[in-house]
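K.L.:
What follows is entry-v8.txt, made up of compact mmCIF, C-alpha atoms:
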# COMPACT_ATOMS: atom_id res chain seq x y z
CA MET A 3 0.00 0.00 0.00
CA SER A 4 2.77 2.47 0.90
CA GLN A 5 4.49 1.89 -2.43
CA ALA A 6 1.29 2.58 -4.37
CA ASN A 7 0.69 5.73 -2.34
CA LYS A 8 4.24 6.95 -2.94
CA LEU A 9 3.82 6.39 -6.66
CA LEU A 10 0.57 8.38 -6.58
CA ILE A 11 2.33 11.40 -5.04
CA THR A 12 5.40 11.04 -7.24
CA LYS A 13 3.27 11.27 -10.38
CA PHE A 14 1.34 14.22 -8.93
CA TYR A 15 4.59 16.07 -8.20
CA GLN A 16 5.95 15.31 -11.66
CA ALA A 17 2.81 16.63 -13.34
CA LEU A 18 2.70 19.77 -11.21
CA ASP A 19 6.38 20.56 -11.61
CA ALA A 20 6.21 20.32 -15.41
CA ALA A 21 2.99 22.32 -15.80
CA ALA A 22 2.49 25.93 -16.81
CA PRO A 23 0.37 28.06 -14.46
CA ASP A 24 -2.73 27.75 -16.63
CA ALA A 25 -2.47 23.93 -16.63
CA VAL A 26 -2.30 23.22 -12.91
CA GLY A 27 -6.06 23.50 -12.40
CA ASP A 28 -6.68 20.60 -14.76
CA ILE A 29 -3.94 18.53 -13.13
CA CYS A 30 -5.40 19.07 -9.65
CA THR A 31 -8.93 18.28 -10.83
CA ARG A 32 -7.80 15.02 -12.47
CA ARG A 33 -5.44 13.80 -9.74
CA LEU A 34 -7.15 14.86 -6.49
CA ALA A 35 -10.35 13.54 -4.94
CA PRO A 36 -13.46 15.65 -5.72
CA ASP A 37 -13.80 16.52 -2.01
CA PHE A 38 -10.06 17.18 -1.59
CA ARG A 39 -9.17 19.59 1.23
CA TRP A 40 -5.98 21.64 1.48
CA HIS A 41 -4.71 23.19 4.70
CA GLY A 42 -2.24 25.74 3.41
CA GLY A 43 -1.72 27.62 6.64
CA ASP A 44 -1.62 31.37 7.07
CA PRO A 45 -2.24 33.44 4.94
CA PHE A 46 -3.83 30.86 2.60
CA GLY A 47 -6.32 29.27 4.99
CA GLN A 48 -8.13 26.17 3.78
CA THR A 49 -9.59 25.17 0.44
CA ARG A 50 -12.20 22.50 -0.21
CA THR A 51 -11.94 21.63 -3.91
CA PRO A 52 -9.06 20.77 -6.23
CA ALA A 53 -9.81 23.82 -8.39
CA THR A 54 -9.66 26.31 -5.49
CA TYR A 55 -6.42 24.70 -4.31
CA ALA A 56 -4.89 25.30 -7.74
CA ARG A 57 -6.19 28.90 -7.92
CA THR A 58 -5.10 29.72 -4.38
CA PHE A 59 -1.59 28.35 -4.44
CA TRP A 60 -0.18 26.74 -7.58
CA GLU A 61 -1.29 29.23 -10.22
CA PRO A 62 -0.06 32.30 -8.28
CA ILE A 63 3.30 30.87 -7.19
CA LYS A 64 4.10 29.50 -10.65
CA THR A 65 3.18 32.85 -12.17
CA ALA A 66 5.31 34.80 -9.70
CA ILE A 67 8.31 32.42 -9.96
CA PRO A 68 8.34 31.15 -13.56
CA ASP A 69 11.44 28.98 -13.07
CA LEU A 70 10.14 27.37 -9.87
CA ALA A 71 11.87 24.00 -9.36
CA ARG A 72 11.51 21.37 -6.64
CA GLN A 73 14.26 19.74 -4.59
CA THR A 74 13.08 16.83 -2.44
CA HIS A 75 15.13 15.91 0.61
CA ILE A 76 12.77 13.51 2.39
CA PHE A 77 10.01 11.36 0.89
CA MET A 78 8.28 8.64 2.90
CA ALA A 79 4.98 6.90 3.56
CA GLY A 80 3.22 4.85 6.21
CA THR A 81 0.22 4.12 8.38
CA SER A 82 -0.50 6.64 11.14
CA SER A 83 -0.25 5.98 14.88
CA ALA A 84 -1.14 9.46 16.12
CA ARG A 85 -3.29 8.61 19.17
CA GLU A 86 -1.65 8.28 22.57
CA GLY A 87 -3.55 5.20 23.69
CA GLN A 88 -3.95 3.50 20.33
CA ALA A 89 -1.37 1.57 18.31
CA GLN A 90 -2.71 2.69 14.92
CA ASP A 91 -5.46 4.97 13.69
CA GLY A 92 -5.25 3.33 10.29
CA THR A 93 -4.96 6.38 8.04
CA LYS A 94 -2.44 6.28 5.17
CA TRP A 95 -0.01 9.13 4.55
CA VAL A 96 2.84 10.30 2.34
CA ALA A 97 5.14 13.08 3.57
CA ALA A 98 7.87 15.08 1.88
CA THR A 99 10.08 18.11 2.37
CA GLY A 100 12.78 20.06 0.56
CA TYR A 101 13.28 23.36 -1.26
CA PHE A 102 11.56 25.25 -4.02
CA THR A 103 14.16 27.26 -5.93
CA GLY A 104 13.70 30.05 -8.44
CA THR A 105 13.70 33.80 -8.98
CA ALA A 106 10.52 35.84 -8.48
CA THR A 107 9.60 38.18 -11.31
CA THR A 108 6.31 39.44 -9.81
CA PRO A 109 5.16 39.67 -6.18
CA PHE A 110 3.64 36.62 -4.52
CA LEU A 111 1.29 37.47 -1.62
CA GLY A 112 2.84 40.95 -1.62
CA ILE A 113 6.35 39.62 -0.92
CA PRO A 114 8.84 42.03 -2.55
CA VAL A 115 10.63 40.92 -5.71
CA THR A 116 14.43 40.74 -5.75
CA ASP A 117 16.93 39.33 -8.24
CA GLN A 118 18.02 36.74 -5.71
CA VAL A 119 17.60 33.02 -6.36
CA LEU A 120 15.23 31.87 -3.62
CA ARG A 121 15.44 28.68 -1.58
CA ILE A 122 11.93 28.31 -0.19
CA ARG A 123 11.64 25.59 2.40
CA TRP A 124 8.48 23.47 2.09
CA GLY A 125 6.99 20.52 3.93
CA GLU A 126 3.74 18.70 3.27
CA PHE A 127 1.69 15.65 4.20
CA PHE A 128 -0.83 13.87 1.99
CA ARG A 129 -3.62 11.66 3.25
CA ILE A 130 -4.58 8.83 0.89
CA ASP A 131 -8.01 7.15 1.08
CA ASP A 132 -8.99 4.32 -1.27
CA GLY A 133 -6.27 5.26 -3.72
CA GLN A 134 -7.19 8.97 -3.86
CA ILE A 135 -5.44 12.06 -2.47
CA THR A 136 -8.07 13.47 -0.11
CA TYR A 137 -6.18 15.97 2.05
CA THR A 138 -2.89 17.88 2.20
CA GLN A 139 -1.23 20.03 4.86
CA THR A 140 1.48 22.32 3.50
CA ILE A 141 3.79 24.72 5.32
CA LEU A 142 6.14 27.18 3.61
CA ASP A 143 8.84 28.80 5.74
CA PHE A 144 7.85 32.40 5.01
CA VAL A 145 9.97 33.90 7.82
CA ASP A 146 13.10 32.37 6.31
CA TRP A 147 12.01 33.59 2.84
CA PHE A 148 11.60 37.15 4.16
CA ASP A 149 15.03 36.99 5.80
CA GLN A 150 16.67 35.77 2.56
CA ILE A 151 15.52 38.86 0.66
CA GLY A 152 16.63 41.27 3.36
CA HIS A 153 13.30 41.92 5.07
CA PRO A 154 13.46 40.16 8.46
CA VAL A 155 10.19 40.32 10.39
CA LEU A 156 11.47 38.85 13.66
CA PRO A 157 14.60 39.39 15.76
CA SER A 158 17.74 37.53 14.71
CA PRO A 159 17.25 33.86 15.55
CA ARG A 160 19.08 32.36 18.49
CA GLY A 161 20.00 29.38 16.33
CA ALA A 162 21.86 29.31 13.02
CA SER A 163 20.04 30.86 10.06
CA HIS A 164 19.25 29.09 6.76
CA VAL A 165 20.51 25.65 7.87
CA TYR A 166 18.11 23.09 6.36
CA PRO A 167 20.13 20.28 4.74
CA ALA A 168 19.00 16.93 3.42
CA PRO A 169 19.59 13.96 5.76
CA THR A 170 23.27 13.47 6.45
CA GLY A 171 23.44 10.22 4.49
CA HIS A 172 21.23 11.60 1.68
CA ASP A 173 18.98 8.63 2.41
CA GLY A 174 15.72 10.40 3.23
CA CYS A 175 13.93 9.70 -0.06
CA LEU A 176 12.53 6.23 0.52
CA PHE A 177 11.19 5.24 -2.88
CA ALA A 178 11.91 1.50 -2.43
CA PRO A 179 10.15 -0.79 0.12
CA GLN A 180 11.67 -0.66 3.61
CA ASP A 181 12.14 -3.18 6.41
CA ASP A 182 9.09 -3.47 8.68
CA LEU A 183 11.15 -4.29 11.79
CA THR A 184 13.31 -1.18 11.39
CA THR A 185 10.18 0.89 10.78
CA GLY A 186 8.54 -0.47 13.93
CA THR A 187 11.57 0.39 16.05
CA THR A 188 11.53 3.97 14.75
CA LEU A 189 7.80 4.36 15.38
CA GLY A 190 8.15 3.00 18.92
CA LEU A 191 10.88 5.52 19.74
CA GLY A 192 8.74 8.29 18.23
CA ARG A 193 5.67 7.41 20.29
CA ASP A 194 7.75 7.25 23.47
CA PHE A 195 9.37 10.59 22.60
CA ILE A 196 6.10 12.45 21.95
CA PHE A 197 3.68 10.91 24.43
CA GLY A 198 6.13 9.90 27.15
CA GLY A 199 8.75 12.64 26.73
CA LEU A 200 7.43 15.93 25.36
CA ASN A 201 4.10 15.60 27.16
CA ALA A 202 5.82 14.83 30.47
CA PHE A 203 7.01 18.44 30.95
CA ASP A 204 6.24 19.57 34.51
CA GLN A 205 6.21 23.29 33.48
CA THR A 206 9.36 23.91 35.52
CA ASP A 207 12.29 21.61 34.73
CA LEU A 208 13.43 20.82 31.19
CA GLY A 209 14.88 17.59 32.54
CA SER A 210 11.37 16.33 33.31
CA MET A 211 10.99 15.43 29.62
CA GLY A 212 14.16 13.31 29.52
CA MET A 213 15.24 14.56 26.10
CA ALA A 214 18.64 12.89 26.52
CA LYS A 215 16.88 9.52 26.25
CA PHE A 216 15.62 10.41 22.78
CA PHE A 217 18.07 12.90 21.24
CA HIS A 218 21.75 12.20 20.57
CA PRO A 219 24.07 14.70 22.33
CA ASN A 220 25.06 16.01 18.86
CA VAL A 221 21.54 16.03 17.45
CA LYS A 222 20.98 18.45 14.57
CA TRP A 223 17.68 20.27 15.06
CA TYR A 224 16.67 22.31 11.99
CA GLY A 225 14.12 24.82 13.24
CA PRO A 226 12.04 27.29 11.22
CA GLY A 227 12.94 30.86 10.30
CA GLY A 228 12.85 33.01 13.44
CA ILE A 229 14.20 30.16 15.59
CA GLY A 230 17.07 28.75 13.54
CA ALA A 231 19.05 25.53 13.71
CA CYS A 232 20.48 24.03 16.90
CA LEU A 233 23.51 21.80 16.38
CA SER A 234 23.57 19.86 19.65
CA LEU A 235 21.19 18.78 22.40
CA ARG A 236 22.58 21.55 24.59
CA GLU A 237 21.88 24.17 21.93
CA PHE A 238 18.40 22.72 21.37
CA GLU A 239 17.58 23.10 25.06
CA ASP A 240 19.21 26.52 25.50
CA LEU A 241 18.37 28.23 22.22
CA HIS A 242 14.92 26.83 21.45
CA GLN A 243 13.30 24.70 24.11
CA GLN A 244 13.86 27.01 27.06
CA PRO A 245 12.49 30.19 25.38
CA TRP A 246 9.60 28.19 23.87
CA LEU A 247 8.55 26.72 27.22
CA ILE A 248 8.87 30.07 28.99
CA ALA A 249 6.40 31.45 26.46
CA PHE A 250 4.12 28.37 26.32
CA PRO A 251 4.69 26.42 29.56
CA ASN A 252 1.46 24.41 29.37
CA ARG A 253 1.97 23.34 25.76
CA LYS A 254 0.88 19.80 25.01
CA VAL A 255 0.87 17.58 21.93
CA MET A 256 -2.83 16.86 21.57
CA TYR A 257 -4.27 16.77 18.07
CA LEU A 258 -1.77 15.21 15.70
CA GLU A 259 -3.29 14.24 12.38
CA SER A 260 -0.50 11.82 11.55
CA LEU A 261 2.46 10.08 13.14
CA PHE A 262 4.18 7.38 11.14
CA ALA A 263 7.58 5.89 10.37
CA GLU A 264 9.39 4.33 7.46
CA ASP A 265 12.80 2.76 7.97
CA THR A 266 14.76 5.14 10.23
CA MET A 267 12.58 8.17 9.39
CA LEU A 268 9.67 9.41 11.50
CA ALA A 269 7.10 12.03 10.50
CA ALA A 270 4.29 13.89 12.27
CA SER A 271 1.81 16.60 11.28
CA GLY A 272 -1.18 18.57 12.44
CA PRO A 273 -2.63 22.09 12.04
CA ARG A 274 -3.59 21.91 15.73
CA GLY A 275 -0.94 19.45 16.83
CA VAL A 276 0.13 21.46 19.88
CA ILE A 277 -2.19 23.47 22.15
CA ALA A 278 -0.83 26.09 24.57
CA THR A 279 -1.40 29.45 26.26
CA GLN A 280 1.11 32.24 25.74
CA THR A 281 1.87 33.32 29.29
CA GLY A 282 5.47 34.42 28.68
CA PRO A 283 7.35 36.59 26.14
CA TYR A 284 8.42 35.07 22.83
CA LEU A 285 10.89 36.39 20.25
CA GLY A 286 10.57 39.93 21.54
CA HIS A 287 6.79 39.89 21.94
CA PRO A 288 5.11 40.19 25.34
CA PRO A 289 2.72 37.55 26.67
CA SER A 290 -0.70 37.85 25.09
CA GLY A 291 -2.52 35.46 27.39
CA ASN A 292 -4.07 33.94 24.28
CA ARG A 293 -4.74 30.28 23.68
CA ILE A 294 -2.51 29.16 20.82
CA GLU A 295 -2.85 26.34 18.31
CA VAL A 296 0.51 25.45 16.81
CA SER A 297 0.40 24.18 13.23
CA GLY A 298 3.47 22.06 12.66
CA ILE A 299 5.23 19.44 10.58
CA ASP A 300 8.18 17.36 11.82
CA PHE A 301 10.61 14.82 10.40
CA TRP A 302 13.15 12.88 12.47
CA ARG A 303 15.98 10.50 11.55
CA ARG A 304 16.95 7.73 13.96
CA ASP A 305 20.42 6.23 14.31
CA GLY A 306 20.61 3.42 16.85
CA ASP A 307 18.44 4.19 19.87
CA LYS A 308 18.27 7.98 19.43
CA PHE A 309 17.18 10.64 16.97
CA VAL A 310 20.13 12.39 15.35
CA GLU A 311 18.34 14.87 13.06
CA ASN A 312 15.02 16.71 13.29
CA TRP A 313 13.48 18.95 10.59
CA VAL A 314 10.87 21.25 12.12
CA PHE A 315 8.20 23.39 10.46
CA VAL A 316 5.99 25.78 12.40
CA ASP A 317 3.43 28.03 10.73
CA MET A 318 5.01 31.12 12.30
CA ILE A 319 2.64 33.46 10.46
CA HIS A 320 -0.34 31.74 12.09
CA LEU A 321 1.40 31.47 15.47
CA PHE A 322 2.12 35.20 15.64
CA ARG A 323 -1.30 36.16 14.31
CA GLN A 324 -2.78 34.37 17.33
CA MET A 325 -0.41 36.43 19.49
CA GLY A 326 -1.85 39.59 17.88
CA VAL A 327 1.00 40.20 15.40
CA ASP A 328 0.72 40.26 11.58
CA LEU A 329 4.19 39.35 10.27
CA PHE A 330 3.20 40.01 6.64
CA ALA A 331 2.32 43.59 7.60
CA ARG A 332 5.99 44.12 8.50
CA LEU A 333 7.07 43.73 4.89
CA PRO A 334 7.65 46.92 2.88
CA GLN A 335 4.46 48.02 1.17
How does this structure look as C-alpha cells?
P.N.:
Amino acid sequence: MSQANKLLITKFYQALDAAAPDAVGDICTRRLAPDFRWHGGDPFGQTRTPATYARTFWEPIKTAIPDLARQTHIFMAGTSSAREGQAQDGTKWVAATGYFTGTATTPFLGIPVTDQVLRIRWGEFFRIDDGQITYTQTILDFVDWFDQIGHPVLPSPRGASHVYPAPTGHDGCLFAPQDDLTTGTTLGLGRDFIFGGLNAFDQTDLGSMGMAKFFHPNVKWYGPGGIGACLSLREFEDLHQQPWLIAFPNRKVMYLESLFAEDTMLAASGPRGVIATQTGPYLGHPPSGNRIEVSGIDFWRRDGDKFVENWVFVDMIHLFRQMGVDLFARLPQ
C-alpha cells in the first residue's frame, strides 16, 4: 500500500512541476479527490476543492516564480499511529520536504521581488483514502524567505540561520520498500518521545521530559525561520526549548493528524498538533494570554536508539497572528 501511495504522489509532483500556471487547475482536478481539502496555513487558509487549491496556491506561485523547481530531501509513507492510547489509527499518509528554488519576477502574496535566487523551504503531508489524495497540509517557511531577501520580520534567531540540509546520508527519499522491523523500532521511539517525553514536561524543569533519552548529544535540530538551527542537544535546550517553554509552559501535543515511520525516518503533522497558552514573552513579543494552536510538521531521523536529526516546520505566520502580530504587515508596502 505504501508503495502505491508513494507512486501516486510522485506522479502528482511530476505533473505539477512540469505544468504551466494555466495547466495546474486541470492537473489538480484530475489527480485529487473531488472533495479534496488543502490546509495551506496562514495566509492561505483552507480550500475544499481541487480547483480552489490550484487557484489559491499553484497558479499564483508558478506565475510569480516562472522557473520554480523542486528539490526533495525527504520522501516517505506509512500508516498513522497518532493517538496516545492507540497503536494505529489506520490512516495512510505520504510526507515530503525540501526546497523550491527560483527567482521571483512578480510579487507573490505581496512579498517584494528581488533578483536573488530563492530557496523556499516546504513541507507537506498527503492523506490517501482508497487510492485517492483526499487531504494535504502544506507549510512554507515564510519567515526564512523574508530573511533571505533582506526583510526580516522577527529578531535575529538564536539558532543558526538558513541551515536546512537533506539527511546526512542523503537517504531520506525512501522510494523503495523498507524493512518493517526497522520501521517499527523507529515508530516505537517516536511514540515514546512524543507521548512519554514531550508531554511529560512539569512546566518547571526541562529535565522532566528526559530529552537525553531520545536525542543524541550532537543532534541536529533544523528549526524554522525566526528560531534557527540548533547543532547539539545543549543548543536545542538553551536556544529553542527554554524560550519556547517560557512562552508556552502548558503546551501539550494533543491533536496530531498523523504520526508514522518508514525505515529510520519518523514524520508527524497537524494544524492543531500542539495546544498552549502564551503566558510568557516570545521572540521579543510580550505575553498575550491567548490560547494558541501550533500548526506544525516534523521529520526525524533515527540512528541506533536515538534521533540524530530533526526537521521542524511551524506556521510562524499563524502562530504570531494568534499572538496579535501580523508578520506580513511588517514587509515593505
K.L.:
Could you check how far CA of Thr31 (chain A) sits from CA of Pro52 (chain A), in Å to one decimal?
P.N.:
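Answer for the CA of Thr31 (chain A) to CA of Pro52 (chain A) separation: 5.2 Å.
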K.L.:
Could you tell me, as a list in words, which residues have any atom at most 12 Å from (-3.4, 31.3, -5.8), counting only C-alpha atoms?
P.N.:
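Looking at atoms near the point gives Pro23, Asp24, Val26, Gly27, Gly42, Pro45, Phe46, Gly47, Gln48, Thr49, Pro52, Ala53, Thr54, Tyr55, Ala56, Arg57, Thr58, Phe59, Trp60, Glu61, Pro62, Ile63, Lys64, Thr65, Ala66, Pro109, Phe110 and Leu111 of chain A.
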K.L.:
For the contact check between region 194-237 of chain A and region 317-324 of chain A, emit one row per residue of region 194-237 of chain A within 10 Å, containing the shortest atom pair and the distance in Å rounded to one decimal, counting all atoms listed in the file, chain then rising number order, as a Markdown table.
P.N.:
| residue | atom | partner | partner_atom | distance |
| --- | --- | --- | --- | --- |
| A:Pro226 | CA | A:Met318 | CA | 8.1 |
| A:Gly227 | CA | A:Met318 | CA | 8.2 |
| A:Gly228 | CA | A:Met318 | CA | 8.1 |
| A:Ile229 | CA | A:Met318 | CA | 9.8 |
K.L.:
What's the separation between CA of Val296 (chain A) and CA of Gly161 (chain A), in Å to one decimal place?
P.N.:
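Interatomic distance here is 19.9 Å.
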K.L.:
Excluding region 232-242 of chain A and its own-chain neighbours fewer than 3 positions away, which residues fall within 9 Å of it when counting only C-alpha atoms? Please give them as a CSV table (one decimal) with C-alpha atoms, in the coordinates of the input.
P.N.:
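After the write, around_36.csv holds the following:
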chain,number,residue,atom,x,y,z
A,159,PRO,CA,17.2,33.9,15.6
A,160,ARG,CA,19.1,32.4,18.5
A,161,GLY,CA,20.0,29.4,16.3
A,162,ALA,CA,21.9,29.3,13.0
A,208,LEU,CA,13.4,20.8,31.2
A,213,MET,CA,15.2,14.6,26.1
A,214,ALA,CA,18.6,12.9,26.5
A,217,PHE,CA,18.1,12.9,21.2
A,218,HIS,CA,21.8,12.2,20.6
A,219,PRO,CA,24.1,14.7,22.3
A,220,ASN,CA,25.1,16.0,18.9
A,221,VAL,CA,21.5,16.0,17.4
A,222,LYS,CA,21.0,18.4,14.6
A,223,TRP,CA,17.7,20.3,15.1
A,224,TYR,CA,16.7,22.3,12.0
A,225,GLY,CA,14.1,24.8,13.2
A,229,ILE,CA,14.2,30.2,15.6
A,245,PRO,CA,12.5,30.2,25.4
A,246,TRP,CA,9.6,28.2,23.9
A,247,LEU,CA,8.6,26.7,27.2
K.L.:
Could you pull the residues within 10 Å of Asp37 (chain A), counting all atoms listed in the file, minus those fewer than 5 positions along the same chain, as a list in words?
P.N.:
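The residues that qualify are Thr49, Arg50, Thr51, Pro52, Ile135, Thr136 and Tyr137 of chain A.
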K.L.:
Hey, can you check how far CA of Arg123 (chain A) sits from CA of Thr99 (chain A)?
P.N.:
7.6 Å
K.L.:
Can you pull out every residue within 12 Å of Trp313 (chain A), counting only C-alpha atoms, but drop anything in the same chain fewer than 5 positions away, and send it as a PyMOL selection string?
P.N.:
chain A and resi 75-76+98-100+123-125+143+165-170+174+221-227+230-233+267-271+298-303
K.L.:
Counting only C-alpha atoms, which residue out of A:Ile141, A:Leu333, A:Ile130, A:Ala202 sits closest to Ser260 (chain A)?
P.N.:
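Looking at the shortest contact to Ser260 (chain A), the residue is A:Ile130.
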K.L.:
Taking (10.4, 5.3, 17.7) in the file's own coordinates, collect the residues within 9 Å, counting only C-alpha atoms, and hand them back as a list of chain:residue names.
P.N.:
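With a cut-off of 9 Å, the residues come to A:Thr185, A:Gly186, A:Thr187, A:Thr188, A:Leu189, A:Gly190, A:Leu191, A:Gly192, A:Arg193, A:Asp194, A:Phe195, A:Phe216, A:Ala263, A:Thr266, A:Leu268, A:Arg304, A:Asp307, A:Lys308, A:Phe309.
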K.L.:
What's around Gln118 (chain A) at 9 Å? Count only C-alpha atoms, leave out sequence neighbours fewer than 4 positions away in its own chain, and write the answer as a list in words.
P.N.:
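What passes the distance filter is Gly104, Thr105, Ala106, Gln150 and Ile151 of chain A.
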K.L.:
Counting all atoms listed in the file, figure out which residue out of A:Phe177, A:Phe197, A:Trp95, A:Phe128 gets nearest to Gly80 (chain A).
P.N.:
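Counting all atoms listed in the file, the residue closest to Gly80 (chain A) is A:Trp95.
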K.L.:
Identify which of the residues A:Leu9, A:Lys215, A:Asn201, A:Val145 lies closest to Val310 (chain A), counting all atoms listed in the file when measuring atom-to-atom distances.
P.N.:
A:Lys215
K.L.:
Go through A:Thr184, A:Thr116, A:Ser4, A:Gln73 one by one, measure the shortest atom-to-atom distance of each to Phe102 (chain A) using all atoms listed in the file, and give the residue with the smallest value.
P.N.:
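Closest to Phe102 (chain A), using all atoms listed in the file: A:Gln73.
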K.L.:
Under the rule that only C-alpha atoms are counted, which of A:Thr138, A:Thr103, A:Thr93, A:Ser83 is the nearest residue to Ala35 (chain A)?
P.N.:
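Among A:Thr138, A:Thr103, A:Thr93, A:Ser83, it is A:Thr138 that comes nearest to Ala35 (chain A).
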